[in-house]
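Asks: Below: one structure in structure tokens.
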Amino acid sequence: MIGEEHQKFMALEEEKRERILNAAMTEFIAGFKKASTDNIVREAGISKGLLFHYFGTKEKLYNFLVDYAIDTVKTEYVDLINVHQKDILDSIWQLSLLKQDLSNRFPKIFDFLVRVYVDDKDCPAKEQLERLYMLRESILQQVYNQCDRSLFKDDIPTGKAIEIIMMVMNGFSQQKASTAEIDRIGQEVKENYDMYLTELKEYLDLLRKVFYK
């Protein structure tokens with residue numbers, strides 16, 4: 001929830017605003033304490049004076065960034081999930097498309113929120129953490145907890161099957177992330193997105209053959 005004190009920043013030209021946001025998200029993945037505003041301004045191509053003109057302190061920048069990331073993921077990811085989709089494999093496909101669309105603009109937004117979630121005891125954004133927990137639960141509720149278990153073969157324990165599906169998908173995502181080229185502001189360079197989707201579809205088709213009736 002963006003406050004009035006940040007309206008000047010939000011009024012910036014979109015390319016410049018997103019360049020600053022991406023630089024900040026990338027730097028804060030190292031953790032709040034380790035993150036350097038010097039690195040942020042260097043990667044964003046702005047002066048430190050301008051950064052503090054908009055945010056005042058490193059902590060206020062971090063708190064703004066958490067709010068902005070949560071709001072953006074909610075409106076451009078979670079709210080677009082098809083709540084009527086009960087096939088978990090189709091849901092994963094849809095989530096991958098939505099995540100890719102958002103990651104084109106903010107390559108590190110999901111990694112940043114994961115870091116906030118993991119560092120909950122040390123991060124200064126205490127008030128926003130409950131919103132982050134609720135966001136995570138909303139995704140689980142809409143996708144994983146509502147999947148149609150009747151689609152699975154009768155002799156397969158569906159709980160274990162869903163765990164395996166998620167482990168395979170997490171491994172696939174991590175493998176793709178580790179081999180991606182990264183440019184100077186941490187933006188993932190997608191050499192061939194169609195190839196990525198083709199490979200993901202192959203994994204989903206294989207999982208469907210293994211677990212579904």
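Ordering of the structure tokens sets the chain letters (A, B, ...), residue numbers begin anew at 1 in every chain, and ligands are numbered from 1 in the order given.
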I'd like the contact shell of Asn82 of chain A - 9 Å cut-off, only C-alpha atoms, skipping same-chain residues fewer than 4 positions apart - returned as a list in words.
Replies: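 Answer for this query is Lys86, Ser91, Gln94, Gln142 and Val143 of chain A.
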Asks: Can I get the selected residues back with C-alpha atoms, as a CSV table (one decimal), in the first residue's frame?
Replies:
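Contents of the output file again05.csv:
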chain,number,residue,atom,x,y,z
A,86,LYS,CA,-8.8,-27.4,-10.5
A,91,SER,CA,-2.5,-24.3,-12.8
A,94,GLN,CA,-0.9,-20.7,-16.0
A,142,GLN,CA,-6.1,-21.0,-4.9
A,143,VAL,CA,-3.8,-23.5,-6.6
Asks: I need the residue nearest Val41 of chain A from this list: A:Ala69, A:Leu12, A:Ala23, A:Ala161. Use only C-alpha atoms for the distance.
Replies: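 Looking only at the distances to Val41 of chain A, the closest residue turns out to be A:Ala23.
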Asks: Counting only C-alpha atoms, what is within 12 Å of segment 27-30 of chain A, bar same-chain residues fewer than 6 positions away, as a VMD selection string?
Replies: chain A and resid 20 to 21 36 to 44 58 to 59 61 to 63 65 to 66 107 to 119 123 184 to 186
Asks: Generate the output file for the selected residues, C-alpha atoms, as a PDB file, in the first residue's frame.
Replies:
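Generated output (part.pdb):
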ATOM      1  CA  ILE A  20      15.486   2.128  -9.618  1.00  0.00           C
ATOM      2  CA  LEU A  21      13.095  -0.541  -8.352  1.00  0.00           C
ATOM      3  CA  SER A  36      24.377  -1.083  -0.061  1.00  0.00           C
ATOM      4  CA  THR A  37      22.668   2.078  -1.278  1.00  0.00           C
ATOM      5  CA  ASP A  38      25.911   2.854  -3.132  1.00  0.00           C
ATOM      6  CA  ASN A  39      25.352  -0.255  -5.246  1.00  0.00           C
ATOM      7  CA  ILE A  40      21.722   0.661  -5.803  1.00  0.00           C
ATOM      8  CA  VAL A  41      22.413   4.163  -7.100  1.00  0.00           C
ATOM      9  CA  ARG A  42      25.295   2.941  -9.246  1.00  0.00           C
ATOM     10  CA  GLU A  43      23.187   0.245 -10.899  1.00  0.00           C
ATOM     11  CA  ALA A  44      20.175   2.557 -11.232  1.00  0.00           C
ATOM     12  CA  LYS A  58      17.583   2.947   3.563  1.00  0.00           C
ATOM     13  CA  GLU A  59      14.935   1.487   5.869  1.00  0.00           C
ATOM     14  CA  LEU A  61      13.308   2.512   0.862  1.00  0.00           C
ATOM     15  CA  TYR A  62      13.179  -1.130   1.957  1.00  0.00           C
ATOM     16  CA  ASN A  63       9.723  -0.785   3.485  1.00  0.00           C
ATOM     17  CA  LEU A  65       9.956  -1.828  -1.789  1.00  0.00           C
ATOM     18  CA  VAL A  66       8.270  -4.583   0.228  1.00  0.00           C
ATOM     19  CA  PRO A 107      13.231  -9.931 -12.890  1.00  0.00           C
ATOM     20  CA  LYS A 108      14.001 -10.154  -9.170  1.00  0.00           C
ATOM     21  CA  ILE A 109      10.628  -9.414  -7.589  1.00  0.00           C
ATOM     22  CA  PHE A 110       9.921 -13.017  -6.542  1.00  0.00           C
ATOM     23  CA  ASP A 111      13.465 -13.609  -5.286  1.00  0.00           C
ATOM     24  CA  PHE A 112      13.221 -10.385  -3.300  1.00  0.00           C
ATOM     25  CA  LEU A 113       9.977 -11.404  -1.581  1.00  0.00           C
ATOM     26  CA  VAL A 114      11.383 -14.849  -0.811  1.00  0.00           C
ATOM     27  CA  ARG A 115      14.332 -13.151   0.887  1.00  0.00           C
ATOM     28  CA  VAL A 116      11.975 -10.950   2.908  1.00  0.00           C
ATOM     29  CA  TYR A 117      10.017 -14.058   3.910  1.00  0.00           C
ATOM     30  CA  VAL A 118      13.135 -16.003   4.925  1.00  0.00           C
ATOM     31  CA  ASP A 119      14.648 -13.077   6.837  1.00  0.00           C
ATOM     32  CA  CYS A 123      13.994  -7.486   8.273  1.00  0.00           C
ATOM     33  CA  ARG A 184      24.325  -5.376 -15.261  1.00  0.00           C
ATOM     34  CA  ILE A 185      21.152  -4.650 -13.260  1.00  0.00           C
ATOM     35  CA  GLY A 186      20.320  -8.278 -12.627  1.00  0.00           C
TER      36      GLY A 186
END
Asks: Compile the contact shell of segment 128-136 of chain A as a list of chain:residue names: residues with an atom at most 7 Å away, counting only C-alpha atoms, same-chain residues fewer than 4 positions apart removed.
Replies: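 Within the cut-off, the hits are A:Asp67, A:Ile70, A:Leu140.
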Asks: How far is it from atom CA of Tyr212 of chain A to atom CA of Met166 of chain A, in Å with one decimal?
Replies: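 If I compute the distance from atom CA of Tyr212 of chain A to atom CA of Met166 of chain A, I get 15.2 Å.
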Asks: Taking only C-alpha atoms into account, which of A:Lys74, A:Lys160, A:Lys153, A:Lys16 comes nearest Leu98 of chain A?
Replies: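 Closest to Leu98 of chain A of all the choices is A:Lys74.
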Asks: One number please: atom CA of Tyr196 of chain A to atom CA of Gly171 of chain A, in Å, one decimal.
Replies: 14.0 Å
Asks: When you count only C-alpha atoms, which of these residues is closest to Val168 of chain A: A:Glu14, A:Leu197, A:Arg149, A:Tyr203?
Replies: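 For Val168 of chain A, the nearest of the given residues is A:Tyr203.
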Asks: So which bits of segment 55-120 of chain A end up alpha helix (DSSP H) when you DSSP the backbone, as a PyMOL selection string?
Replies: chain A and resi 55+58-76+88-105+109-118
Asks: Using only C-alpha atoms, which of A:Leu80, A:Ile88, A:Ile165, A:Lys8 sits nearest His53 of chain A?
Replies: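 Ranked by minimum distance to His53 of chain A, first place goes to A:Lys8.
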